[in-house]
Each structure stands twice: as structure tokens, then as C-alpha cells.
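As provided, query-v1.cif (mmCIF, N, CA and C atoms) reads as follows.
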data_query
loop_
_atom_site.label_atom_id
_atom_site.label_comp_id
_atom_site.auth_asym_id
_atom_site.auth_seq_id
_atom_site.Cartn_x
_atom_site.Cartn_y
_atom_site.Cartn_z
N MET A 228 158.30 146.61 171.51
CA MET A 228 159.74 146.71 171.63
C MET A 228 160.13 148.13 172.01
N SER A 229 161.12 148.24 172.85
CA SER A 229 161.63 149.54 173.27
C SER A 229 162.35 150.21 172.11
N ALA A 230 162.47 151.52 172.16
CA ALA A 230 163.11 152.28 171.08
C ALA A 230 164.57 151.89 170.93
N SER A 231 165.02 151.81 169.69
CA SER A 231 166.43 151.52 169.42
C SER A 231 167.11 152.80 168.97
N GLN A 232 168.43 152.77 169.05
CA GLN A 232 169.25 153.92 168.66
C GLN A 232 170.32 153.44 167.70
N THR A 233 170.88 154.36 166.95
CA THR A 233 171.96 154.03 166.02
C THR A 233 173.12 154.97 166.29
N THR A 234 174.34 154.41 166.25
CA THR A 234 175.53 155.22 166.45
C THR A 234 176.69 154.68 165.60
N THR A 235 177.64 155.56 165.34
CA THR A 235 178.90 155.18 164.71
C THR A 235 180.06 155.52 165.64
N GLU A 236 179.76 156.02 166.84
CA GLU A 236 180.78 156.43 167.81
C GLU A 236 181.44 155.21 168.45
N HIS A 237 182.74 155.06 168.22
CA HIS A 237 183.46 153.89 168.71
C HIS A 237 183.37 153.74 170.23
N ASP A 238 183.56 154.81 170.97
CA ASP A 238 183.53 154.72 172.44
C ASP A 238 182.15 154.31 172.95
N LYS A 239 181.11 154.82 172.34
CA LYS A 239 179.75 154.47 172.75
C LYS A 239 179.48 152.98 172.50
N ILE A 240 179.93 152.49 171.36
CA ILE A 240 179.74 151.07 171.02
C ILE A 240 180.53 150.21 172.00
N ARG A 241 181.81 150.53 172.20
CA ARG A 241 182.67 149.76 173.09
C ARG A 241 182.09 149.73 174.51
N ASN A 242 181.64 150.85 175.01
CA ASN A 242 181.07 150.92 176.36
C ASN A 242 179.79 150.11 176.49
N TRP A 243 178.92 150.16 175.47
CA TRP A 243 177.67 149.40 175.49
C TRP A 243 177.98 147.91 175.54
N VAL A 244 178.91 147.47 174.70
CA VAL A 244 179.27 146.05 174.65
C VAL A 244 179.92 145.60 175.96
N LYS A 245 180.88 146.38 176.46
CA LYS A 245 181.57 146.01 177.70
C LYS A 245 180.61 145.96 178.89
N ALA A 246 179.62 146.84 178.93
CA ALA A 246 178.63 146.85 180.02
C ALA A 246 177.82 145.56 180.06
N ARG A 247 177.80 144.83 178.94
CA ARG A 247 177.04 143.58 178.85
C ARG A 247 177.97 142.37 178.75
N ASN A 248 179.24 142.58 179.11
CA ASN A 248 180.25 141.52 179.06
C ASN A 248 180.39 140.89 177.68
N GLY A 249 180.24 141.71 176.66
CA GLY A 249 180.39 141.23 175.29
C GLY A 249 181.81 141.43 174.77
N ARG A 250 182.09 140.79 173.65
CA ARG A 250 183.39 140.88 173.01
C ARG A 250 183.21 141.10 171.52
N PRO A 251 184.11 141.87 170.90
CA PRO A 251 184.04 142.04 169.45
C PRO A 251 184.44 140.73 168.77
N ALA A 252 183.71 140.38 167.73
CA ALA A 252 183.98 139.11 167.05
C ALA A 252 183.60 139.23 165.58
N ARG A 253 184.02 138.20 164.82
CA ARG A 253 183.58 138.09 163.43
C ARG A 253 183.28 136.62 163.16
N VAL A 254 182.50 136.38 162.14
CA VAL A 254 182.13 135.03 161.75
C VAL A 254 183.38 134.34 161.18
N LYS A 255 183.67 133.14 161.67
CA LYS A 255 184.82 132.37 161.18
C LYS A 255 184.61 132.03 159.71
N GLY A 256 185.67 132.14 158.92
CA GLY A 256 185.63 131.75 157.52
C GLY A 256 184.95 132.73 156.59
N ALA A 257 184.54 133.88 157.10
CA ALA A 257 183.90 134.89 156.23
C ALA A 257 184.95 135.50 155.31
N LYS A 258 184.49 136.06 154.22
CA LYS A 258 185.40 136.68 153.25
C LYS A 258 186.18 137.83 153.86
N LYS A 259 187.06 138.41 153.10
CA LYS A 259 187.94 139.48 153.55
C LYS A 259 187.20 140.49 154.45
N GLY A 260 187.84 140.81 155.56
CA GLY A 260 187.23 141.75 156.51
C GLY A 260 186.38 141.00 157.51
N GLY A 261 185.43 140.24 157.04
CA GLY A 261 184.60 139.45 157.93
C GLY A 261 183.25 140.06 158.18
N ILE A 262 182.41 139.26 158.77
CA ILE A 262 181.07 139.68 159.16
C ILE A 262 181.11 139.91 160.66
N LEU A 263 180.88 141.12 161.08
CA LEU A 263 181.00 141.48 162.49
C LEU A 263 179.84 140.97 163.32
N ARG A 264 180.18 140.60 164.54
CA ARG A 264 179.19 140.19 165.54
C ARG A 264 179.69 140.66 166.90
N ILE A 265 178.79 140.65 167.87
CA ILE A 265 179.14 140.83 169.26
C ILE A 265 178.89 139.49 169.93
N ASP A 266 179.90 138.96 170.61
CA ASP A 266 179.79 137.66 171.26
C ASP A 266 179.55 137.89 172.75
N PHE A 267 178.43 137.36 173.26
CA PHE A 267 178.06 137.51 174.66
C PHE A 267 178.18 136.16 175.35
N GLY A 268 178.54 136.19 176.62
CA GLY A 268 178.58 134.95 177.41
C GLY A 268 179.65 133.99 176.93
N LYS A 269 179.31 132.70 176.92
CA LYS A 269 180.24 131.66 176.48
C LYS A 269 180.55 131.87 175.00
N PRO A 270 181.85 131.86 174.62
CA PRO A 270 182.20 132.08 173.21
C PRO A 270 181.51 131.10 172.27
N GLU A 271 180.96 131.62 171.18
CA GLU A 271 180.30 130.78 170.19
C GLU A 271 181.34 130.19 169.26
N GLU A 272 181.18 128.91 168.90
CA GLU A 272 182.13 128.22 168.04
C GLU A 272 182.22 128.84 166.65
N SER A 273 181.14 129.43 166.17
CA SER A 273 181.12 129.97 164.81
C SER A 273 181.77 131.36 164.73
N LEU A 274 182.17 131.89 165.89
CA LEU A 274 182.76 133.23 165.92
C LEU A 274 184.20 133.18 166.40
N GLU A 275 184.99 134.16 165.94
CA GLU A 275 186.34 134.32 166.47
C GLU A 275 186.45 135.72 167.05
N GLU A 276 186.99 135.79 168.27
CA GLU A 276 187.17 137.08 168.93
C GLU A 276 188.25 137.86 168.21
N ILE A 277 188.02 139.16 168.04
CA ILE A 277 189.01 140.04 167.41
C ILE A 277 189.23 141.25 168.31
N SER A 278 190.30 141.98 168.04
CA SER A 278 190.59 143.17 168.84
C SER A 278 189.60 144.28 168.49
N TRP A 279 189.48 145.23 169.40
CA TRP A 279 188.65 146.39 169.11
C TRP A 279 189.20 147.15 167.90
N GLU A 280 190.51 147.20 167.78
CA GLU A 280 191.13 147.90 166.65
C GLU A 280 190.70 147.27 165.32
N GLU A 281 190.76 145.94 165.23
CA GLU A 281 190.33 145.22 164.02
C GLU A 281 188.83 145.39 163.80
N PHE A 282 188.07 145.29 164.87
CA PHE A 282 186.62 145.44 164.79
C PHE A 282 186.24 146.79 164.16
N PHE A 283 186.83 147.86 164.69
CA PHE A 283 186.47 149.19 164.19
C PHE A 283 187.06 149.47 162.81
N ARG A 284 188.14 148.82 162.44
CA ARG A 284 188.67 148.94 161.08
C ARG A 284 187.64 148.38 160.09
N ILE A 285 187.15 147.18 160.38
CA ILE A 285 186.14 146.55 159.52
C ILE A 285 184.85 147.37 159.53
N PHE A 286 184.45 147.82 160.70
CA PHE A 286 183.24 148.62 160.89
C PHE A 286 183.27 149.87 160.00
N ASP A 287 184.38 150.60 160.04
CA ASP A 287 184.50 151.84 159.26
C ASP A 287 184.69 151.57 157.77
N GLU A 288 185.48 150.57 157.41
CA GLU A 288 185.70 150.25 155.99
C GLU A 288 184.39 149.88 155.29
N ASN A 289 183.51 149.22 156.03
CA ASN A 289 182.24 148.78 155.46
C ASN A 289 181.11 149.79 155.67
N LYS A 290 181.48 150.96 156.23
CA LYS A 290 180.52 152.04 156.46
C LYS A 290 179.27 151.55 157.19
N LEU A 291 179.53 150.92 158.34
CA LEU A 291 178.45 150.38 159.15
C LEU A 291 178.05 151.33 160.26
N ALA A 292 176.87 151.12 160.76
CA ALA A 292 176.38 151.80 161.96
C ALA A 292 175.90 150.71 162.92
N PHE A 293 175.89 151.01 164.19
CA PHE A 293 175.53 150.07 165.24
C PHE A 293 174.13 150.41 165.73
N LEU A 294 173.19 149.52 165.48
CA LEU A 294 171.81 149.67 165.94
C LEU A 294 171.70 148.88 167.24
N TYR A 295 171.23 149.53 168.30
CA TYR A 295 171.20 148.87 169.60
C TYR A 295 170.02 149.37 170.42
N GLN A 296 169.80 148.69 171.52
CA GLN A 296 168.70 149.03 172.42
C GLN A 296 169.25 149.00 173.84
N GLU A 297 168.98 150.02 174.63
CA GLU A 297 169.43 150.07 176.02
C GLU A 297 168.61 149.16 176.92
N LYS A 298 167.29 149.27 176.83
CA LYS A 298 166.38 148.51 177.70
C LYS A 298 165.30 147.85 176.87
N THR A 299 164.79 146.73 177.37
CA THR A 299 163.65 146.09 176.74
C THR A 299 162.40 146.86 177.12
N GLU A 300 161.29 146.51 176.53
CA GLU A 300 160.03 147.18 176.84
C GLU A 300 159.67 147.04 178.32
N SER A 301 160.08 145.92 178.92
CA SER A 301 159.78 145.69 180.34
C SER A 301 160.79 146.37 181.27
N GLY A 302 161.82 147.03 180.70
CA GLY A 302 162.79 147.76 181.51
C GLY A 302 164.06 147.00 181.82
N ASP A 303 164.16 145.76 181.35
CA ASP A 303 165.37 144.97 181.57
C ASP A 303 166.47 145.41 180.61
N THR A 304 167.71 145.07 180.95
CA THR A 304 168.83 145.35 180.06
C THR A 304 168.64 144.61 178.75
N SER A 305 168.85 145.29 177.65
CA SER A 305 168.70 144.68 176.33
C SER A 305 170.06 144.32 175.75
N TRP A 306 170.09 143.20 175.04
CA TRP A 306 171.29 142.77 174.32
C TRP A 306 171.06 142.86 172.81
N PHE A 307 170.02 143.54 172.40
CA PHE A 307 169.69 143.65 170.97
C PHE A 307 170.72 144.51 170.25
N THR A 308 171.30 143.96 169.19
CA THR A 308 172.21 144.71 168.33
C THR A 308 172.02 144.27 166.88
N LYS A 309 172.39 145.15 166.00
CA LYS A 309 172.37 144.84 164.57
C LYS A 309 173.32 145.82 163.89
N PHE A 310 174.03 145.35 162.88
CA PHE A 310 174.88 146.22 162.10
C PHE A 310 174.13 146.59 160.83
N VAL A 311 174.04 147.88 160.56
CA VAL A 311 173.30 148.39 159.41
C VAL A 311 174.19 149.34 158.61
N SER A 312 173.82 149.58 157.38
CA SER A 312 174.56 150.53 156.54
C SER A 312 174.31 151.94 157.02
N ARG A 313 175.37 152.77 156.96
CA ARG A 313 175.21 154.17 157.30
C ARG A 313 174.41 154.84 156.19
N HIS A 314 173.59 155.78 156.56
CA HIS A 314 172.78 156.51 155.56
C HIS A 314 173.47 157.77 155.15
#

Could the structure of this file be written out as C-alpha cells, please?
Amino acid sequence: MSASQTTTEHDKIRNWVKARNGRPARVKGAKKGGILRIDFGKPEESLEEISWEEFFRIFDENKLAFLYQEKTESGDTSWFTKFVSRH
């Protein structure tokens, strides 16, 4: 697997997601705040799209960091993401 990076920078996250035609989302029916996801391609039924403002509010309140990968080991664009706790 190619090296992954972690960031809390809103602009970097937004740009990475937009470059892959993704949208900020959360799991439908999750407790207060919600469980954040990035929705790519056709919208998933289990997710609801949210604004970037709401996304980053939840992101910061829960002290999350964005773990992502730019390229796969073979050099293709990667869609790998994960939300992790800030250290």
C-alpha cells in the first residue's frame, strides 16, 4: 500500500474530496452529530449529504483527523480515507 497522510486542514480535505468528485456525508440515523463519511459516485442510501460547514463542525467537535492516500501503490488515484482521533 502507498503511504498515507493525515491532516486536519479543512481546505486540504475539501480539495482532496472534490478532486475525486466526492461529497461530505454522514450515516443516516446516527446519534447526535453523526458518523462522518465521504460519499463518492452514486449517492449511497445509507448516507445523507451534508454541507461542508456541518461536516467540519462535526469533524472539529469530535477532534477528528482525516487519514487519506493520494495514489495507490500502482500509481493510480486513491480513494482511501478514514477518520481517526487526533493525537

- Task: Please identify all polymer residues within 12 Å of Lys259 (chain A), counting only C-alpha atoms, omitting same-chain residues fewer than 5 positions from it, and present them as a PyMOL selection string.
- Result: chain A and resi 253-254+285+288-289

- Query: From the list A:Asp303, A:Leu294, A:Glu276, A:Val311, which residue is nearest Thr234 (chain A) when using only N, CA and C atoms?
  - Reply: A:Leu294

For the provided coordinates, the residues matched by the PyMOL selection byres ((chain A and resi 232) around 5) should be stated as a PDB file with N, CA and C atoms, in the coordinates of the input.
ATOM      1  N   ALA A 230     162.470 151.520 172.160  1.00  0.00           N
ATOM      2  CA  ALA A 230     163.110 152.280 171.080  1.00  0.00           C
ATOM      3  C   ALA A 230     164.570 151.890 170.930  1.00  0.00           C
ATOM      4  N   SER A 231     165.020 151.810 169.690  1.00  0.00           N
ATOM      5  CA  SER A 231     166.430 151.520 169.420  1.00  0.00           C
ATOM      6  C   SER A 231     167.110 152.800 168.970  1.00  0.00           C
ATOM      7  N   THR A 233     170.880 154.360 166.950  1.00  0.00           N
ATOM      8  CA  THR A 233     171.960 154.030 166.020  1.00  0.00           C
ATOM      9  C   THR A 233     173.120 154.970 166.290  1.00  0.00           C
ATOM     10  N   THR A 234     174.340 154.410 166.250  1.00  0.00           N
ATOM     11  CA  THR A 234     175.530 155.220 166.450  1.00  0.00           C
ATOM     12  C   THR A 234     176.690 154.680 165.600  1.00  0.00           C
ATOM     13  N   LEU A 294     173.190 149.520 165.480  1.00  0.00           N
ATOM     14  CA  LEU A 294     171.810 149.670 165.940  1.00  0.00           C
ATOM     15  C   LEU A 294     171.700 148.880 167.240  1.00  0.00           C
ATOM     16  N   TYR A 295     171.230 149.530 168.300  1.00  0.00           N
ATOM     17  CA  TYR A 295     171.200 148.870 169.600  1.00  0.00           C
ATOM     18  C   TYR A 295     170.020 149.370 170.420  1.00  0.00           C
ATOM     19  N   GLN A 296     169.800 148.690 171.520  1.00  0.00           N
ATOM     20  CA  GLN A 296     168.700 149.030 172.420  1.00  0.00           C
ATOM     21  C   GLN A 296     169.250 149.000 173.840  1.00  0.00           C
TER      22      GLN A 296
END

Box dimensions and centre (Å, one decimal) enclosing region 292-303 of chain A, axis-aligned, 3 Å extra per side, as lines of an AutoDock Vina configuration file:
center_x = 168.3
center_y = 148.4
center_z = 171.3
size_x = 23.2
size_y = 12.8
size_z = 27.1

- the PyMOL selection byres ((chain A and resi 291) around 5) applied to the shown file, residues as a PyMOL selection string: chain A and resi 286+289-290+292-293+311-313

Close residues, Arg247 (chain A) itself excluded, 7 Å, all atoms listed in the file, min 4 positions apart in chain, as a compact mmCIF listing (two decimals) with N, CA and C atoms, keeping the file's coordinate frame:
# COMPACT_ATOMS: atom_id res chain seq x y z
N ASN A 242 181.64 150.85 175.01
CA ASN A 242 181.07 150.92 176.36
C ASN A 242 179.79 150.11 176.49
N TRP A 243 178.92 150.16 175.47
CA TRP A 243 177.67 149.40 175.49
C TRP A 243 177.98 147.91 175.54
N PHE A 267 178.43 137.36 173.26
CA PHE A 267 178.06 137.51 174.66
C PHE A 267 178.18 136.16 175.35
N GLY A 268 178.54 136.19 176.62
CA GLY A 268 178.58 134.95 177.41
C GLY A 268 179.65 133.99 176.93

- Item | Neighbours of point (177.9, 142.1, 174.0) within 7 Å, using only N, CA and C atoms, written as a VMD selection string | chain A and resid 243 to 251 265 to 268 306

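In terms of minimum interatomic distance to Arg264 (chain A), A:Ala252 ranks closest within A:Glu236, A:Ala252, A:Lys309, A:Asp287, counting all atoms listed in the file.
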
- Task: Take CA of Glu281 (chain A) and CA of Gly260 (chain A) and report the distance between them in Å, one decimal.
- Result: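 Between CA of Glu281 (chain A) and CA of Gly260 (chain A) the gap works out to 8.8 Å.
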
- Query: Which residues in chain A does DSSP call strand (DSSP E or B)? List them as a list in words.
  - Reply: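 Here is the list: Gln232, Thr233, Thr234, Gly249, Arg250, Pro251, Ala252, Arg253, Val254, Leu263, Arg264, Ile265, Asp266, Phe267, Leu274, Glu275, Glu276, Leu291, Ala292, Phe293, Leu294, Tyr295, Lys298, Thr304, Thr308, Lys309, Phe310, Val311 and Ser312 of chain A.
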
- Query: Between atom N of Ile262 (chain A) and CA of Glu297 (chain A), what is the distance, to one decimal in Å?
  - Reply: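 About the pair atom N of Ile262 (chain A) and CA of Glu297 (chain A): they are 24.1 Å apart.
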
- Query: At what distance in Å, to one decimal, does CA of Arg241 (chain A) lie from CA of Gly302 (chain A)?
  - Reply: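 For CA of Gly302 (chain A) relative to CA of Arg241 (chain A), the distance reads 21.7 Å.
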
- Could you write out, as a ChimeraX atom specification, all the residues of chain A that DSSP marks as alpha helix (DSSP H)? /A:237-246,279-288
